[in-house]
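Asker: File name query.cif; file contents mmCIF, C-alpha atoms; full text below.
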```cif
data_data
#
loop_
_atom_site.label_atom_id
_atom_site.label_comp_id
_atom_site.auth_asym_id
_atom_site.auth_seq_id
_atom_site.Cartn_x
_atom_site.Cartn_y
_atom_site.Cartn_z
CA MET A 30 1.83 0.63 12.53
CA LYS A 31 4.23 3.00 14.31
CA PHE A 32 7.09 1.42 12.35
CA TYR A 33 5.32 2.01 9.03
CA ASN A 34 4.29 5.55 9.99
CA TYR A 35 7.97 6.28 10.68
CA VAL A 36 9.37 4.54 7.57
CA TYR A 37 6.82 6.05 5.17
CA ARG A 38 6.64 9.50 6.79
CA LYS A 39 7.97 11.18 3.62
CA PHE A 40 4.98 9.84 1.66
CA LEU A 41 2.37 11.01 4.17
CA GLU A 42 0.57 14.33 4.46
CA GLU A 43 -0.19 16.06 7.75
CA ASP A 44 -2.75 14.20 9.89
CA GLU A 45 -2.50 11.17 7.60
CA VAL A 46 -2.24 7.81 9.38
CA ILE A 47 -1.51 4.41 7.85
CA GLU A 48 -4.22 1.79 8.44
CA GLN A 49 -2.76 -1.05 6.34
CA VAL A 50 0.40 -1.67 4.31
CA ILE A 51 0.26 -4.15 1.44
CA HIS A 52 3.64 -5.14 -0.01
CA HIS A 53 3.67 -6.11 -3.67
CA ASN A 54 6.00 -7.52 -6.34
CA TYR A 55 6.48 -10.79 -4.43
CA ASP A 56 6.48 -12.63 -7.75
CA GLU A 57 9.53 -10.59 -8.83
CA LEU A 58 11.33 -11.30 -5.53
CA ILE A 59 11.08 -15.09 -5.17
CA LYS A 60 13.57 -16.05 -7.88
CA PRO A 61 16.24 -13.38 -7.06
CA ILE A 62 16.12 -14.24 -3.36
CA PHE A 63 16.93 -17.91 -4.00
CA ILE A 64 19.57 -17.17 -6.66
CA GLN A 65 21.32 -14.51 -4.61
CA PHE A 66 21.24 -16.64 -1.47
CA PHE A 67 22.96 -19.57 -3.19
CA ILE A 68 25.41 -17.56 -5.32
CA PHE A 69 26.40 -14.84 -2.87
CA ILE A 70 25.91 -16.41 0.56
CA ALA A 71 25.62 -20.23 0.71
CA PHE A 72 28.23 -21.15 -1.92
CA PRO A 73 30.89 -18.64 -0.70
CA ILE A 74 30.43 -19.77 2.92
CA PHE A 75 30.79 -23.40 1.84
CA ALA A 76 33.87 -22.55 -0.30
CA TRP A 77 35.42 -20.44 2.47
CA ALA A 78 35.02 -23.30 4.95
CA ASN A 79 36.50 -25.89 2.57
CA THR A 80 39.41 -23.99 1.01
CA GLU A 81 42.48 -22.57 2.66
CA HIS A 82 43.30 -20.07 -0.07
CA LEU A 83 41.37 -17.14 -1.46
CA SER A 84 39.43 -16.53 1.77
CA PHE A 85 39.44 -12.76 1.03
CA LEU A 86 37.69 -13.49 -2.30
CA TRP A 87 34.92 -15.48 -0.58
CA LEU A 88 34.58 -12.78 2.07
CA GLY A 89 34.23 -10.14 -0.67
CA ILE A 90 31.52 -12.18 -2.42
CA ILE A 91 29.66 -12.58 0.90
CA ILE A 92 29.80 -8.81 1.50
CA ILE A 93 28.43 -8.20 -2.02
CA GLY A 94 25.68 -10.70 -1.23
CA LEU A 95 24.81 -8.84 1.96
CA PHE A 96 24.54 -5.55 0.07
CA LYS A 97 22.36 -7.20 -2.56
CA SER A 98 20.18 -8.65 0.24
CA ILE A 99 19.78 -5.19 1.78
CA ASN A 100 18.79 -3.85 -1.64
CA LEU A 101 16.18 -6.63 -2.03
CA PHE A 102 14.82 -5.87 1.45
CA LEU A 103 14.48 -2.17 0.60
CA TYR A 104 12.83 -3.10 -2.70
CA TRP A 105 10.31 -5.22 -0.78
CA LEU A 106 9.78 -2.57 1.93
CA PHE A 107 9.22 0.39 -0.37
CA ASN A 108 7.17 -1.36 -3.07
CA SER A 109 3.96 -1.11 -1.15
CA LEU A 110 0.39 0.07 -1.17
CA MET A 111 -0.37 2.23 1.86
CA VAL A 112 -4.00 2.37 2.90
CA THR A 113 -4.35 5.57 4.92
CA ASN A 114 -7.20 7.46 6.52
CA LEU A 115 -7.23 9.89 3.53
CA ASN A 116 -6.14 7.99 0.38
CA ILE A 117 -4.58 4.89 -1.04
CA VAL A 118 -0.91 5.56 -1.81
CA ASP A 119 1.01 3.27 -4.17
CA ASN A 120 4.79 3.49 -3.71
CA LYS A 121 7.29 2.15 -6.21
CA TRP A 122 10.97 1.71 -5.41
CA ILE A 123 12.98 1.62 -8.63
CA SER A 124 16.44 2.28 -7.15
CA PHE A 125 18.12 4.20 -4.34
CA PHE A 126 17.75 7.42 -6.30
CA GLN A 127 14.46 6.80 -8.11
CA ARG A 128 11.09 6.39 -6.42
CA ALA A 129 7.53 7.05 -7.51
CA SER A 130 4.29 7.47 -5.62
CA GLU A 131 0.66 7.73 -6.75
CA ARG A 132 -2.43 8.62 -4.71
CA ILE A 133 -5.91 7.28 -5.35
CA ASP A 134 -8.83 8.88 -3.53
CA TYR A 135 -11.42 6.51 -2.07
CA SER A 136 -14.23 8.41 -3.80
CA GLN A 137 -12.62 7.66 -7.21
CA ILE A 138 -12.71 3.88 -6.72
CA GLU A 139 -15.54 1.78 -8.11
CA SER A 140 -14.39 -1.73 -7.19
CA PHE A 141 -11.56 -4.07 -6.18
CA SER A 142 -10.93 -7.50 -7.69
CA TYR A 143 -8.11 -10.03 -7.63
CA GLU A 144 -6.61 -12.66 -9.91
CA ILE A 145 -4.12 -15.52 -9.36
CA ASN A 146 -2.39 -17.03 -12.42
CA GLY A 147 0.14 -19.84 -12.64
CA VAL A 148 1.21 -22.85 -10.61
CA ILE A 149 3.87 -21.12 -8.49
CA ASN A 150 1.61 -18.15 -7.77
CA THR A 151 -1.18 -20.55 -6.75
CA ILE A 152 1.15 -22.49 -4.45
CA PHE A 153 2.50 -19.32 -2.80
CA ASN A 154 -0.92 -17.54 -2.94
CA ILE A 155 0.43 -14.58 -4.94
CA GLY A 156 -1.81 -12.65 -7.29
CA ASP A 157 -2.76 -9.29 -8.71
CA ILE A 158 -5.29 -6.80 -7.38
CA HIS A 159 -7.22 -4.71 -9.88
CA ILE A 160 -8.54 -1.35 -8.72
CA THR A 161 -11.24 -0.04 -11.06
CA LYS A 162 -11.78 3.70 -10.92
CA LEU A 163 -15.11 5.41 -11.65
CA SER A 164 -13.60 6.76 -14.88
CA GLY A 165 -13.23 3.16 -16.11
CA GLU A 166 -9.45 3.26 -15.79
CA GLU A 167 -7.97 0.17 -14.14
CA TYR A 168 -5.03 0.26 -11.76
CA LEU A 169 -3.02 -2.97 -11.40
CA LEU A 170 -1.03 -4.04 -8.34
CA LYS A 171 1.17 -7.01 -9.22
CA GLY A 172 2.50 -9.71 -6.94
CA ILE A 173 0.35 -9.32 -3.83
CA TYR A 174 0.62 -12.05 -1.18
CA LYS A 175 -2.88 -13.21 -0.12
CA PRO A 176 -4.72 -11.06 -2.68
CA GLN A 177 -8.20 -12.26 -1.63
CA PHE A 178 -7.64 -11.18 1.99
CA PHE A 179 -6.31 -7.75 1.00
CA CYS A 180 -9.02 -7.24 -1.64
CA ASN A 181 -11.67 -7.87 1.04
CA ARG A 182 -9.79 -5.60 3.45
CA LEU A 183 -9.71 -2.79 0.86
CA ASN A 184 -13.47 -3.20 0.25
CA HIS A 185 -14.11 -3.02 4.00
CA ILE A 186 -11.99 0.14 4.40
CA GLN A 187 -13.66 1.81 1.40
CA ILE A 188 -17.13 1.13 2.84
CA LYS A 189 -16.03 2.49 6.21
CA LYS A 190 -14.67 5.67 4.56
CA ALA A 191 -17.88 6.12 2.53
CA LYS A 192 -19.97 5.89 5.73
CA GLU A 193 -17.71 8.45 7.42
CA GLU A 194 -18.10 10.82 4.44
CA ILE A 195 -21.90 10.41 4.45
CA TYR A 196 -22.01 11.13 8.19
CA LYS A 197 -19.76 14.18 7.76
CA ASP A 198 -21.89 15.48 4.87
CA HIS A 199 -25.07 14.86 6.90
CA THR A 200 -23.64 16.79 9.85
CA GLN A 201 -22.58 19.71 7.65
CA LEU A 202 -26.00 19.85 5.97
CA LYS A 203 -27.73 19.79 9.35
CA ASP A 204 -25.52 22.67 10.56
CA ILE A 205 -26.28 24.72 7.42
CA LEU A 206 -30.04 24.17 7.78
CA THR A 207 -29.91 25.07 11.49
CA THR A 208 -28.05 28.30 10.67
CA VAL A 209 -30.58 29.23 7.93
CA VAL A 210 -33.56 28.57 10.22
CA GLN A 211 -31.98 30.54 13.10
CA LYS A 212 -31.24 33.47 10.76
CA HIS A 213 -34.81 33.42 9.43
CA ILE A 214 -36.25 33.39 12.96
CA ALA A 215 -33.95 36.23 14.02
CA GLU A 216 -34.97 38.39 11.03
CA HIS A 217 -38.68 37.58 10.69
CA GLY A 218 -39.68 35.89 13.92
CA ILE A 219 -41.78 32.75 14.05
CA THR A 220 -44.83 32.90 11.84
CA VAL A 221 -47.54 30.30 11.55
CA THR A 222 -49.59 30.23 8.39
CA ASN A 223 -52.95 28.55 8.04
CA ASP A 224 -54.02 27.18 4.69
#
```
Would it be possible to restate this file's structure as structure tokens?
Answerer:
Amino acid sequence: MKFYNYVYRKFLEEDEVIEQVIHHNYDELIKPIFIQFFIFIAFPIFAWANTEHLSFLWLGIIIIGLFKSINLFLYWLFNSLMVTNLNIVDNKWISFFQRASERIDYSQIESFSYEINGVINTIFNIGDIHITKLSGEEYLLKGIYKPQFFCNRLNHIQIKKAKEEIYKDHTQLKDILTTVVQKHIAEHGITVTND
């Protein structure tokens, strides 16, 4: 997680730590990866090896392919759902100069569910996770690899956070009651009443 805490440091608040990173939009990446590999890497390498002329052209196409591959990697890396100790943060990478981020508080979430549609998505185990908020609004995360595993993981983390909040609230209430009782004893002393 140190790698993710470093890479996503601009998206994190102070004292916020990443517990899980879920990359999404796999369904949008599968086709471009294969197409770009064959057009910009495999075919130019084959052509460069089998032709004596135009080697600079094939080298240029390979360099373009490498840049496109780096762009696809960044798209995969920064299109992610970060599960932190404070919130769920959904990052969207649109381009080098356009990014978006949205935070969802654990207390606003009612449930998590997942859905897998299509033959290719079933083969590669890629689906969508639906996050239902208490307001009834639904938040959709598309193209999640192993959606059932991550849906269960999100449920587990939400339950853990709810227990921590209950314990924290219980501790604060206990401290308030202790302070009130101590103040009452200091002002009025201990009195015993008989009914």
Asker: What separation in Å, quoted to one decimal, exists between CA of Ile62 in chain A and CA of Glu131 in chain A?
Answerer: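 For CA of Ile62 in chain A relative to CA of Glu131 in chain A, the distance reads 27.1 Å.
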Asker: Apply the PyMOL selection byres ((chain A and resi 177) around 10) to the structure shown and report the selected residues as a list in words.
Answerer: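 Applied to this file, the PyMOL selection byres ((chain A and resi 177) around 10) selects Phe141, Ser142, Tyr143, Glu144, Ile145, Asn154, Ile155, Gly156, Asp157, Ile158, Ile173, Tyr174, Lys175, Pro176, Phe178, Phe179, Cys180, Asn181, Arg182 and Leu183 of chain A.
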Asker: A:Ile117, A:Val36, A:Ile68, A:Ile59: which is nearest Asn150 in chain A, counting all atoms listed in the file?
Answerer: A:Ile59
Asker: Check what the PyMOL selection byres ((chain A and resi 87) around 10) selects in the file above and give those residues as a count of residues only.
Answerer: 21
Asker: Point out the residue among A:Leu101, A:Glu193, A:Leu206, A:Ile51 with the least atom-to-atom distance to Phe63 in chain A, counting all atoms listed in the file.
Answerer: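 Under the stated criterion, the closest residue is A:Leu101.
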Asker: When distances are computed from only C-alpha atoms, which of A:Asn79, A:Ser140, A:Asn146, A:Ser124 shows the smallest separation from Ser164 in chain A?
Answerer: A:Ser140
Asker: I would like the residues chosen by the PyMOL selection byres ((chain A and resi 139) around 9) on the shown file; could you give them as a list of chain:residue names?
Answerer: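 Applying the expression gives A:Tyr135, A:Ser136, A:Gln137, A:Ile138, A:Ser140, A:Phe141, A:Ile160, A:Thr161, A:Lys162, A:Leu163, A:Ser164, A:Gly165.
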Asker: Using all atoms listed in the file, which of A:Leu106, A:Ile149, A:Ile64, A:Leu115 sits nearest Lys190 in chain A?
Answerer: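 Among the listed residues, A:Leu115 lies closest to Lys190 in chain A.
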Asker: Have a look at A:His185, A:His213, A:His199, A:Lys171 and name the one nearest to Glu57 in chain A; count only C-alpha atoms.
Answerer: A:Lys171
